[in-house]
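Pasted below: protein.txt, compact mmCIF, C-alpha atoms.
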# COMPACT_ATOMS: atom_id res chain seq x y z
CA MET E 155 95.82 76.85 95.92
CA SER E 156 98.91 74.65 96.35
CA LEU E 157 100.73 76.38 93.54
CA VAL E 158 103.93 77.07 95.40
CA LEU E 159 104.43 74.08 97.65
CA ASP E 160 106.26 71.76 95.28
CA GLU E 161 108.14 74.30 93.22
CA ALA E 162 111.83 75.19 93.30
CA TRP E 163 111.32 78.93 93.86
CA PHE E 164 114.60 80.89 93.70
CA SER E 165 116.68 77.72 93.96
CA THR E 166 118.68 77.99 90.70
CA LEU E 167 119.58 81.68 90.78
CA GLY E 168 122.94 82.26 89.10
CA GLU E 169 123.20 78.72 87.69
CA PRO E 170 123.89 78.29 83.94
CA LEU E 171 120.77 78.37 81.77
CA GLY E 172 119.70 75.18 80.00
CA ASP E 173 118.43 74.89 76.43
CA ALA E 174 114.88 74.25 77.61
CA GLU E 175 114.95 77.44 79.65
CA ARG E 176 116.27 79.43 76.70
CA ALA E 177 113.47 78.03 74.57
CA GLU E 178 110.94 78.98 77.25
CA ILE E 179 112.30 82.55 77.33
CA SER E 180 112.12 82.81 73.54
CA ALA E 181 108.53 81.58 73.47
CA TYR E 182 107.60 83.91 76.36
CA LEU E 183 108.97 86.94 74.51
CA GLN E 184 107.26 85.94 71.29
CA GLY E 185 103.99 85.49 73.15
CA LEU E 186 104.21 89.08 74.38
CA GLY E 187 104.87 90.34 70.87
CA LEU E 188 108.53 91.09 71.63
CA PRO E 189 111.45 89.81 69.47
CA ALA E 190 111.95 86.12 70.27
CA ASP E 191 115.66 86.33 69.47
CA LEU E 192 116.60 88.98 72.05
CA PRO E 193 119.97 88.19 73.63
CA VAL E 194 119.65 86.63 77.06
CA HIS E 195 121.75 87.99 79.88
CA ALA E 196 122.18 85.75 82.93
CA ALA E 197 122.74 87.78 86.11
CA SER E 198 125.24 86.18 88.46
CA SER E 199 124.46 87.77 91.83
CA TRP E 200 121.70 89.39 93.89
CA GLN E 201 123.55 92.69 93.60
CA GLU E 202 123.58 92.47 89.81
CA ALA E 203 119.91 91.50 89.74
CA ALA E 204 119.12 94.57 91.87
CA LYS E 205 121.17 96.85 89.64
CA LEU E 206 119.41 95.57 86.53
CA CYS E 207 115.87 95.90 87.78
CA ARG E 208 116.50 99.41 89.12
CA GLN E 209 116.58 100.49 85.47
CA PRO E 210 113.37 101.41 83.65
CA ALA E 211 111.96 98.60 81.52
CA GLY E 212 108.93 100.39 80.14
CA ALA E 213 108.39 98.56 76.85
CA TRP E 214 108.58 95.12 78.43
CA TRP E 215 106.37 96.07 81.39
CA GLN E 216 103.87 97.69 79.04
CA ALA E 217 103.71 94.55 76.88
CA GLU E 218 102.86 92.48 79.96
CA ASP E 219 100.44 95.11 81.21
CA VAL E 220 98.43 95.14 78.00
CA GLU E 221 97.89 91.42 78.39
CA ARG E 222 97.17 91.66 82.13
CA THR E 223 94.54 94.33 81.46
CA ARG E 224 92.97 92.20 78.73
CA LEU E 225 92.75 89.16 81.03
CA GLU E 226 91.35 91.21 83.91
CA ARG E 227 88.34 92.04 81.74
CA SER E 228 87.26 88.41 81.92
CA ALA E 229 88.56 87.30 85.33
CA HIS E 230 88.81 88.89 88.76
CA LEU E 231 90.92 87.62 91.66
CA ASP E 232 90.59 88.81 95.25
CA PRO E 233 93.97 90.09 96.49
CA ALA E 234 92.77 89.85 100.09
CA ASN E 235 91.99 86.13 99.83
CA ALA E 236 93.56 84.55 102.93
CA GLU E 237 94.83 81.45 101.12
CA TRP E 238 96.43 83.57 98.40
CA LEU E 239 98.13 85.69 101.04
CA GLN E 240 99.60 82.53 102.58
CA VAL E 241 101.06 81.78 99.15
CA THR E 242 102.67 85.21 99.02
CA GLU E 243 104.18 84.62 102.47
CA ARG E 244 105.72 81.37 101.22
CA LEU E 245 107.22 83.20 98.27
CA HIS E 246 108.73 85.77 100.62
CA GLY E 247 110.13 82.95 102.72
CA ALA E 248 111.64 81.26 99.67
CA ALA E 249 113.27 84.51 98.55
CA ALA E 250 114.67 85.08 102.05
CA VAL E 251 116.14 81.58 102.21
CA ALA E 252 117.73 81.90 98.76
CA ALA E 253 119.18 85.30 99.63
CA ALA E 254 120.58 84.04 102.93
CA ARG E 255 122.29 81.14 101.15
CA SER E 256 124.09 83.71 98.99
CA GLY E 257 124.98 85.97 101.89
CA CYS E 258 122.43 88.62 100.92
CA ALA E 259 120.62 90.23 103.88
CA ASP E 260 119.04 93.14 102.02
CA ALA E 261 115.47 93.15 103.37
CA ALA E 262 114.23 95.43 100.58
CA LEU E 263 115.79 93.33 97.81
CA ILE E 264 114.33 90.15 99.30
CA ARG E 265 110.92 91.83 99.22
CA VAL E 266 111.56 92.89 95.61
CA ALA E 267 112.19 89.24 94.66
CA ALA E 268 109.13 88.13 96.61
CA GLY E 269 107.07 90.84 94.94
CA ALA E 270 108.26 89.75 91.50
CA ALA E 271 107.29 86.13 92.20
CA THR E 272 103.98 87.26 93.66
CA TYR E 273 103.23 89.30 90.57
CA ALA E 274 104.10 86.35 88.33
CA ALA E 275 101.94 84.03 90.43
CA TYR E 276 99.08 86.53 90.17
CA GLN E 277 99.50 86.69 86.39
CA GLN E 278 99.53 82.88 86.23
CA ARG E 279 96.33 82.61 88.28
CA LEU E 280 94.75 85.33 86.16
CA ALA E 281 95.66 83.55 82.92
CA ARG E 282 94.24 80.27 84.22
CA ALA E 283 91.07 81.94 85.50
CA ALA E 284 90.59 83.56 82.09
CA GLY E 285 91.01 80.19 80.36
CA ALA E 286 94.31 81.01 78.64
CA PRO E 287 96.04 78.18 76.76
CA PRO E 288 99.16 76.43 78.19
CA GLU E 289 101.47 78.36 75.87
CA HIS E 290 100.33 81.71 77.27
CA PRO E 291 103.35 83.95 78.05
CA PHE E 292 102.34 84.39 81.69
CA LEU E 293 102.35 80.61 82.13
CA ARG E 294 105.75 80.39 80.45
CA LYS E 295 107.21 83.07 82.72
CA TYR E 296 105.65 81.36 85.72
CA ALA E 297 107.33 78.10 84.65
CA LEU E 298 110.71 79.85 84.80
CA TYR E 299 109.96 80.95 88.37
CA CYS E 300 108.85 77.45 89.30
CA GLY E 301 112.19 76.18 87.99
CA GLY E 302 114.01 78.41 90.46
CA ARG E 303 114.72 81.41 88.25
CA TRP E 304 113.98 85.10 88.64
CA PRO E 305 113.10 86.60 85.21
CA LEU E 306 114.12 90.27 85.46
CA GLY E 307 112.77 91.70 82.22
CA VAL E 308 114.07 93.41 79.12
CA TYR E 309 116.79 96.06 79.59
CA ASP E 310 118.88 97.58 76.80
CA GLN E 311 117.48 95.12 74.24
CA ARG E 312 118.50 92.13 76.38
CA PHE E 313 116.31 89.79 78.38
CA ALA E 314 117.82 89.50 81.85
CA ILE E 315 117.29 86.55 84.15
CA PHE E 316 118.85 85.57 87.47
CA MET Q 267 98.13 103.40 132.72
CA SER Q 268 94.97 101.44 133.44
CA ALA Q 269 95.29 98.39 135.67
CA TYR Q 270 92.60 96.55 133.78
CA PRO Q 271 93.38 92.82 133.86
CA THR Q 272 94.76 91.08 130.80
CA VAL Q 273 92.15 89.43 128.57
CA LYS Q 274 93.99 86.48 127.09
CA THR Q 275 91.49 84.87 124.73
CA VAL Q 276 88.36 85.49 122.70
CA ASP Q 277 86.44 83.37 125.23
CA GLU Q 278 87.62 85.64 128.05
CA PHE Q 279 86.74 88.65 125.88
CA LYS Q 280 83.13 87.46 125.81
CA GLN Q 281 83.06 87.61 129.64
CA GLN Q 282 84.06 91.31 129.69
CA PRO Q 283 81.64 94.24 130.17
CA ALA Q 284 79.72 95.28 127.07
CA GLU Q 285 81.55 98.62 127.09
CA TYR Q 286 84.91 96.82 126.87
CA GLN Q 287 83.71 94.59 124.06
CA ASP Q 288 82.31 97.49 122.08
CA ALA Q 289 85.53 99.45 122.50
CA VAL Q 290 87.69 96.58 121.24
CA ARG Q 291 85.34 95.98 118.31
CA LYS Q 292 85.63 99.64 117.29
CA ILE Q 293 89.41 99.49 117.21
CA VAL Q 294 89.65 96.15 115.41
CA ARG Q 295 87.08 97.21 112.84
CA SER Q 296 88.88 100.49 112.27
CA HIS Q 297 92.23 98.77 111.68
CA ALA Q 298 90.67 96.13 109.41
CA LEU Q 299 89.08 98.81 107.26
CA ASN Q 300 92.06 101.15 107.19
CA GLU Q 301 94.41 98.39 106.11
CA LEU Q 302 92.03 97.39 103.34
CA TYR Q 303 91.45 100.94 102.12
CA GLY Q 304 95.17 101.67 102.16
CA ALA Q 305 95.97 98.59 100.09
CA GLN Q 306 93.14 99.26 97.63
CA VAL Q 307 93.57 102.99 97.03
CA PHE Q 308 97.31 103.47 97.51
CA ASP Q 309 99.48 100.35 97.54
CA GLU Q 310 98.03 98.32 94.70
CA PRO Q 311 97.65 101.25 92.26
CA ALA Q 312 101.23 102.31 93.08
CA ILE Q 313 102.56 99.25 91.25
CA GLN Q 314 101.66 100.88 87.94
CA LEU Q 315 103.04 104.29 88.95
CA ALA Q 316 106.43 102.99 90.10
CA PRO Q 317 109.28 103.90 87.73
CA THR Q 318 111.22 100.62 87.61
CA PRO Q 319 110.58 96.90 88.06
CA TYR Q 320 112.47 97.12 91.39
CA ALA Q 321 110.02 99.72 92.67
CA LYS Q 322 107.01 97.97 91.13
CA TRP Q 323 107.83 94.60 92.69
CA LEU Q 324 108.61 96.17 96.05
CA SER Q 325 105.27 97.99 95.90
CA CYS Q 326 103.58 94.70 95.06
CA ARG Q 327 105.08 93.02 98.12
CA VAL Q 328 104.11 95.96 100.32
CA ALA Q 329 100.55 95.79 98.98
CA MET Q 330 100.38 92.10 99.88
CA GLU Q 331 101.62 92.85 103.40
CA GLU Q 332 98.93 95.50 103.83
CA TYR Q 333 96.25 93.11 102.58
CA HIS Q 334 97.58 90.54 105.03
CA HIS Q 335 97.28 93.04 107.89
CA HIS Q 336 93.67 93.57 106.88
CA VAL Q 337 93.03 89.82 106.93
CA ARG Q 338 94.59 89.44 110.38
CA PHE Q 339 92.40 92.19 111.84
CA LYS Q 340 89.35 90.93 109.98
CA GLU Q 341 89.79 87.38 111.27
CA LEU Q 342 89.88 88.75 114.82
CA ALA Q 343 86.89 90.97 114.04
CA ASP Q 344 84.93 87.91 112.92
CA GLN Q 345 85.83 86.10 116.15
CA ILE Q 346 84.72 88.95 118.41
CA GLY Q 347 81.42 89.55 116.69
CA VAL Q 348 81.94 92.47 114.32
CA ARG Q 349 79.23 92.18 111.68
CA PRO Q 350 80.58 91.52 108.14
CA GLU Q 351 78.71 94.49 106.68
CA GLU Q 352 80.60 96.77 109.09
CA MET Q 353 83.87 95.75 107.43
CA ASP Q 354 82.73 96.10 103.85
CA THR Q 355 84.29 99.14 102.21
CA LYS Q 356 81.07 99.53 100.23
CA ASN Q 357 79.17 100.31 103.43
CA LYS Q 358 81.71 102.28 105.45
CA ARG Q 359 82.94 105.67 104.38
CA PRO Q 360 86.74 105.77 104.49
CA LEU Q 361 88.79 108.09 106.66
CA ASN Q 362 89.60 111.39 105.00
CA ILE Q 363 93.16 110.42 104.09
CA PHE Q 364 91.96 107.56 101.89
CA GLU Q 365 89.94 109.91 99.69
CA LEU Q 366 92.99 111.58 98.20
CA PRO Q 367 93.41 110.43 94.60
CA LEU Q 368 96.77 108.75 94.01
CA GLU Q 369 98.34 110.46 91.01
CA SER Q 370 102.11 110.06 91.17
CA TRP Q 371 104.92 107.87 92.43
CA GLU Q 372 106.26 110.78 94.50
CA GLN Q 373 102.89 111.08 96.20
CA PHE Q 374 102.90 107.37 97.03
CA CYS Q 375 106.40 107.59 98.54
CA VAL Q 376 105.23 110.48 100.73
CA ILE Q 377 102.14 108.52 101.77
CA LYS Q 378 104.31 105.61 102.86
CA MET Q 379 106.77 107.90 104.65
CA LEU Q 380 104.19 109.98 106.51
CA GLY Q 381 101.01 107.90 106.36
CA ASP Q 382 102.62 104.71 107.58
CA LEU Q 383 104.35 106.71 110.31
CA ALA Q 384 100.86 107.55 111.56
CA GLU Q 385 99.95 103.86 111.38
CA ILE Q 386 103.10 103.01 113.36
CA LEU Q 387 101.93 105.27 116.18
CA GLN Q 388 98.50 103.65 116.16
CA VAL Q 389 100.02 100.17 116.29
CA GLU Q 390 102.56 101.18 118.95
CA ASP Q 391 99.66 102.16 121.16
CA LEU Q 392 98.32 98.60 120.97
CA LEU Q 393 101.59 96.82 121.79
CA HIS Q 394 100.55 96.61 125.47
CA CYS Q 395 96.81 96.34 124.89
CA SER Q 396 94.85 94.49 127.59
CA PHE Q 397 93.25 92.26 124.92
CA VAL Q 398 96.08 89.86 124.08
CA PRO Q 399 94.87 88.68 120.63
CA LEU Q 400 94.80 92.33 119.50
CA ARG Q 401 98.15 92.98 121.17
CA ASN Q 402 99.64 90.05 119.28
CA ILE Q 403 98.38 91.29 115.91
CA ALA Q 404 99.91 94.68 116.66
CA ARG Q 405 103.22 93.04 117.52
CA THR Q 406 103.12 90.94 114.34
CA THR Q 407 102.35 93.81 112.01
CA MET Q 408 104.69 96.38 113.57
CA PRO Q 409 107.94 95.28 111.83
CA GLU Q 410 106.20 95.44 108.45
CA GLU Q 411 104.70 98.86 109.17
CA LYS Q 412 108.16 100.10 110.08
CA PHE Q 413 109.51 98.69 106.83
CA HIS Q 414 106.77 100.43 104.85
CA ALA Q 415 107.57 103.82 106.38
CA GLN Q 416 111.27 103.24 105.77
CA PHE Q 417 110.46 102.25 102.17
CA GLY Q 418 108.77 105.63 101.70
CA LEU Q 419 111.63 107.48 103.35
CA ASP Q 420 114.30 105.67 101.30
CA PHE Q 421 112.60 106.49 98.01
CA CYS Q 422 112.05 110.11 99.11
CA VAL Q 423 115.77 110.35 99.93
CA ASP Q 424 116.49 109.31 96.33
CA LEU Q 425 113.87 111.67 94.91
CA VAL Q 426 115.13 114.80 96.69
CA GLU Q 427 118.58 114.42 95.14
CA THR Q 428 117.37 116.64 92.29
CA ASP Q 429 115.63 120.01 92.54
CA ALA Q 430 112.75 118.74 90.42
CA GLY Q 431 112.38 115.67 92.62
CA ARG Q 432 112.45 117.75 95.80
CA ASP Q 433 109.74 120.02 94.41
CA LYS Q 434 107.54 117.02 93.66
CA VAL Q 435 108.06 115.57 97.13
CA GLN Q 436 107.34 118.96 98.74
CA ARG Q 437 104.13 119.30 96.72
CA ALA Q 438 103.07 115.81 97.74
CA VAL Q 439 103.79 116.59 101.41
CA ASN Q 440 101.79 119.83 101.12
CA GLY Q 441 98.85 117.88 99.74
CA PHE Q 442 98.92 114.86 102.05
CA TYR Q 443 100.26 115.95 105.43
CA PRO Q 444 97.42 118.32 106.40
CA GLU Q 445 95.00 115.39 106.33
CA VAL Q 446 97.00 113.08 108.59
CA PRO Q 447 96.61 114.66 112.05
CA LYS Q 448 92.84 114.13 111.80
CA PHE Q 449 93.62 110.40 111.60
CA PHE Q 450 94.23 110.45 115.37
CA GLY Q 451 90.68 111.45 116.22
CA ALA Q 452 89.19 114.32 118.15
CA SER Q 453 90.82 115.87 121.18
CA GLY Q 454 88.94 115.05 124.39
CA SER Q 455 87.40 112.01 122.69
CA LYS Q 456 84.96 109.97 124.77
CA ASN Q 457 85.91 106.83 122.87
CA ASN Q 458 89.58 107.37 123.61
CA GLU Q 459 88.77 107.84 127.31
CA ILE Q 460 87.07 104.44 127.32
CA PHE Q 461 89.97 102.82 125.44
CA ARG Q 462 92.37 104.07 128.13
CA LYS Q 463 90.05 103.18 131.00
CA TYR Q 464 90.24 99.53 129.93
CA GLY Q 465 93.93 99.50 129.04
CA ILE Q 466 93.11 98.90 125.39
CA LYS Q 467 95.07 101.96 124.37
CA LEU Q 468 97.62 103.94 126.33
CA ARG Q 469 97.63 107.46 125.00
CA SER Q 470 95.16 110.25 124.35
CA ASN Q 471 94.44 111.33 120.77
CA GLU Q 472 96.04 114.70 121.38
CA ASP Q 473 99.21 113.12 122.81
CA MET Q 474 99.54 110.84 119.80
CA ARG Q 475 98.85 113.64 117.35
CA ALA Q 476 101.50 115.87 118.95
CA ASP Q 477 103.99 113.01 118.92
CA TYR Q 478 103.17 112.26 115.29
CA MET Q 479 103.66 115.86 114.22
CA ALA Q 480 107.04 116.00 115.97
CA ARG Q 481 108.17 112.72 114.42
CA ALA Q 482 106.96 113.75 110.98
CA LYS Q 483 108.94 116.98 111.28
CA SER Q 484 112.13 115.16 112.27
CA THR Q 485 111.59 112.71 109.39
CA VAL Q 486 111.26 115.26 106.59
CA GLU Q 487 113.62 118.04 107.72
CA PRO Q 488 116.84 116.15 106.85
CA LEU Q 489 115.44 115.87 103.30
CA GLY Q 490 115.15 119.63 102.97
CA ILE Q 491 111.36 119.29 103.07
CA LYS Q 492 109.12 121.48 105.22
CA LEU Q 493 105.80 120.50 106.70
CA PRO Q 494 103.01 122.96 105.95
CA GLU Q 495 101.80 124.97 108.93
CA LEU Q 496 98.72 123.46 110.48
CA ARG Q 497 96.15 124.65 112.92
CA PHE Q 498 94.45 121.68 114.46
CA ASP Q 499 91.52 122.61 116.66
CA ALA Q 500 89.59 119.33 116.81
Is it possible to express this structure as structure tokens?
Amino acid sequence: MSLVLDEAWFSTLGEPLGDAERAEISAYLQGLGLPADLPVHAASSWQEAAKLCRQPAGAWWQAEDVERTRLERSAHLDPANAEWLQVTERLHGAAAVAAARSGCADAALIRVAAGAATYAAYQQRLARAAGAPPEHPFLRKYALYCGGRWPLGVYDQRFAIF
Amino acid sequence: MSAYPTVKTVDEFKQQPAEYQDAVRKIVRSHALNELYGAQVFDEPAIQLAPTPYAKWLSCRVAMEEYHHHVRFKELADQIGVRPEEMDTKNKRPLNIFELPLESWEQFCVIKMLGDLAEILQVEDLLHCSFVPLRNIARTTMPEEKFHAQFGLDFCVDLVETDAGRDKVQRAVNGFYPEVPKFFGASGSKNNEIFRKYGIKLRSNEDMRADYMARAKSTVEPLGIKLPELRFDA
């Protein structure tokens, strides 16, 4: 389960988005059945990321949840697996390092970021365990995390990413 | 406090009297199970009840920390000879507080605020435990337990800003709090006497329960929340 060791978790937060990342976002949204041409909002700070994700994002979360529930019918992962829990600790460490580099010492917000990455990593493992194809939206979102981003979700008809 | 000598390793543990070994196994098994039950019935389901991605992701992280606590205690349990079937939630009936159905986000916030406060007291009592591997797990998990209780308090502070929110928090407190004092075990407990004899634990069940009830009161009163009256005769 070496899924986090070589990735750039949280390392490009606030950097300008590239065309490939925009294409990944569009394909991710389309894969969830959401409009692929939603405007993309790039958050520029940890504080802005926190403010955004403190808003409800019911439709987006529900779209992901429908797919998660569908995948969980054919695959089950043990959340108390010791190796998996080591992965989640590494994600927390990566979030803490990235926050410290930006002068953010908010222990709760660091845990929020770690929790978001953990949830995405869980969805990725679930999709793989269920035999999902490489273009599955959970794998696309996971790729954004691996590239150092924090996808925040859809708020006010915009997809937000840090 | 007992002057029982420090037991530094699992190998030294195996040289201790059978009564000492049994007592430590009981505590480690209890913590391993409680952490697992808590994560399964409260923390993980709370992700779906949380109102925003912020709260959902924070709940996810907290759930992972609780699962990790379970794994730490379980690894120690394996080393000291607790049988695997004794740590399987299918075989062991949970403590009363884990049988409450989780139905709302407000209820979860109250469970973190008041339930994890109870866990903090239990872990505090192990910070100077004579069995060093158990002491070290307690010291490792304590900062996270404190964060979890603070997490519950912080969200409750937000919730009580409206009358409707305060009513929901009060109802959740009324439903959950009466179950918590039983978590500390019976007064005059023989097990607790043995734990203290060997310096595994420091305080009696009744001392801890009284302390918990006082700390719970001082936690909720600034929120305009009242604890229901309890008569605890155990």
Using 6 Å as the limit and counting only C-alpha atoms, can you tabulate each residue of chain E that touches chain Q, with its shortest atom-to-atom distance in Å and the two atoms involved, as a Markdown table?
| residue | atom | partner | partner_atom | distance |
| --- | --- | --- | --- | --- |
| E:Cys207 | CA | Q:Tyr320 | CA | 5.1 |
| E:Arg208 | CA | Q:Tyr320 | CA | 5.2 |
| E:Gln209 | CA | Q:Thr318 | CA | 5.8 |
| E:Pro210 | CA | Q:Thr318 | CA | 4.6 |
| E:Ala234 | CA | Q:Tyr333 | CA | 5.4 |
| E:Arg265 | CA | Q:Leu324 | CA | 5.8 |
| E:Val266 | CA | Q:Leu324 | CA | 4.4 |
| E:Gly269 | CA | Q:Arg327 | CA | 4.3 |
| E:Ala270 | CA | Q:Trp323 | CA | 5.0 |
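Across the model, the gap from atom CA of E:Leu186 to atom CA of E:Ala217 is 6.0 Å.
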Inset, instruction - Would you be able to write out as a ChimeraX atom specification which residues have an atom within 12 Å of (83.8, 96.5, 133.0) in the file's coordinates, counting only C-alpha atoms? - result: /Q:269-271,273,279-289,460-461,463-465
Generate a file of the selected residues that holds C-alpha atoms, formatted as a JSON list (two decimals), keeping the file's coordinate frame.
[["chain", "number", "residue", "atom", "x", "y", "z"],
["Q", 269, "ALA", "CA", 95.29, 98.39, 135.67],
["Q", 270, "TYR", "CA", 92.60, 96.55, 133.78],
["Q", 271, "PRO", "CA", 93.38, 92.82, 133.86],
["Q", 273, "VAL", "CA", 92.15, 89.43, 128.57],
["Q", 279, "PHE", "CA", 86.74, 88.65, 125.88],
["Q", 280, "LYS", "CA", 83.13, 87.46, 125.81],
["Q", 281, "GLN", "CA", 83.06, 87.61, 129.64],
["Q", 282, "GLN", "CA", 84.06, 91.31, 129.69],
["Q", 283, "PRO", "CA", 81.64, 94.24, 130.17],
["Q", 284, "ALA", "CA", 79.72, 95.28, 127.07],
["Q", 285, "GLU", "CA", 81.55, 98.62, 127.09],
["Q", 286, "TYR", "CA", 84.91, 96.82, 126.87],
["Q", 287, "GLN", "CA", 83.71, 94.59, 124.06],
["Q", 288, "ASP", "CA", 82.31, 97.49, 122.08],
["Q", 289, "ALA", "CA", 85.53, 99.45, 122.50],
["Q", 460, "ILE", "CA", 87.07, 104.44, 127.32],
["Q", 461, "PHE", "CA", 89.97, 102.82, 125.44],
["Q", 463, "LYS", "CA", 90.05, 103.18, 131.00],
["Q", 464, "TYR", "CA", 90.24, 99.53, 129.93],
["Q", 465, "GLY", "CA", 93.93, 99.50, 129.04]]
Inset, instruction - Take atom CA of E:Thr166 and atom CA of E:Ser198 and report the distance between them in Å, one decimal. - result: 10.7 Å
Inset, instruction - Tell me, as number ranges by chain, which residues lie within 12 Å of Q:Lys378, counting all atoms listed in the file; anything in the same chain fewer than 6 positions away does not count. - result: Q: 304-305, 308-309, 312, 325, 328-329, 332, 371-372, 384-386, 410-422, 438-439, 442-443, 446, 482
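Distances from E:Gly168, E:Gly185, E:Pro233, E:Gly307 to E:Ala252 were compared using all atoms listed in the file, and the smallest one belongs to E:Gly168.
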Inset, instruction - Can you work out the spacing between atom CA of Q:Glu365 and atom CA of Q:Gly441 in Å, to one decimal? - result: 12.0 Å
Inset, instruction - Rank nothing, just name the residue among Q:Ile363, Q:Val294, Q:Leu489, Q:Leu315 nearest to Q:Asp344, using only C-alpha atoms. - result: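 Going through Q:Ile363, Q:Val294, Q:Leu489, Q:Leu315 one by one, the smallest distance to Q:Asp344 is for Q:Val294.
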Inset, instruction - Using only C-alpha atoms, find the one residue out of E:Val241, E:Ala203, E:Val308, E:Ala249 that sits nearest to E:Ala190. - result: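 Ranked by minimum distance to E:Ala190, first place goes to E:Val308.
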Inset, instruction - Return the single residue from Q:Arg462, Q:Arg437, Q:Arg401, Q:Arg481 that is closest to Q:Val389, with distances computed using all atoms listed in the file. - result: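 Nearest candidate to Q:Val389 out of Q:Arg462, Q:Arg437, Q:Arg401, Q:Arg481: Q:Arg401.
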Legend entry - Using all atoms listed in the file: which of Q:Val486, Q:Val423, Q:Val376, Q:Leu387 has the shortest distance to Q:Asn471: Q:Leu387
Inset, instruction - Select, from Q:Arg359, Q:Lys434, Q:His394, Q:Lys448, the residue with the minimum atom-to-atom distance to Q:Arg475, counting only C-alpha atoms. - result: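 Residue with the minimum atom-to-atom distance to Q:Arg475: Q:Lys448.
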Taking all atoms of stretch 386-405 of chain Q that the file lists, what box with edges along x, y and z, padded by 3 Å per side, do you get, with centre and edge lengths in Å to one decimal, as lines of an AutoDock Vina configuration file?
center_x = 98.2
center_y = 97.0
center_z = 120.5
size_x = 16.0
size_y = 22.6
size_z = 20.2
Inset, instruction - Kindly provide, as a PyMOL selection string, the polymer residues lying within 6 Å of (94.6, 86.7, 80.9), counting all atoms listed in the file and using the coordinates exactly as they appear in the file. - result: chain E and resi 222+225+280-281+284
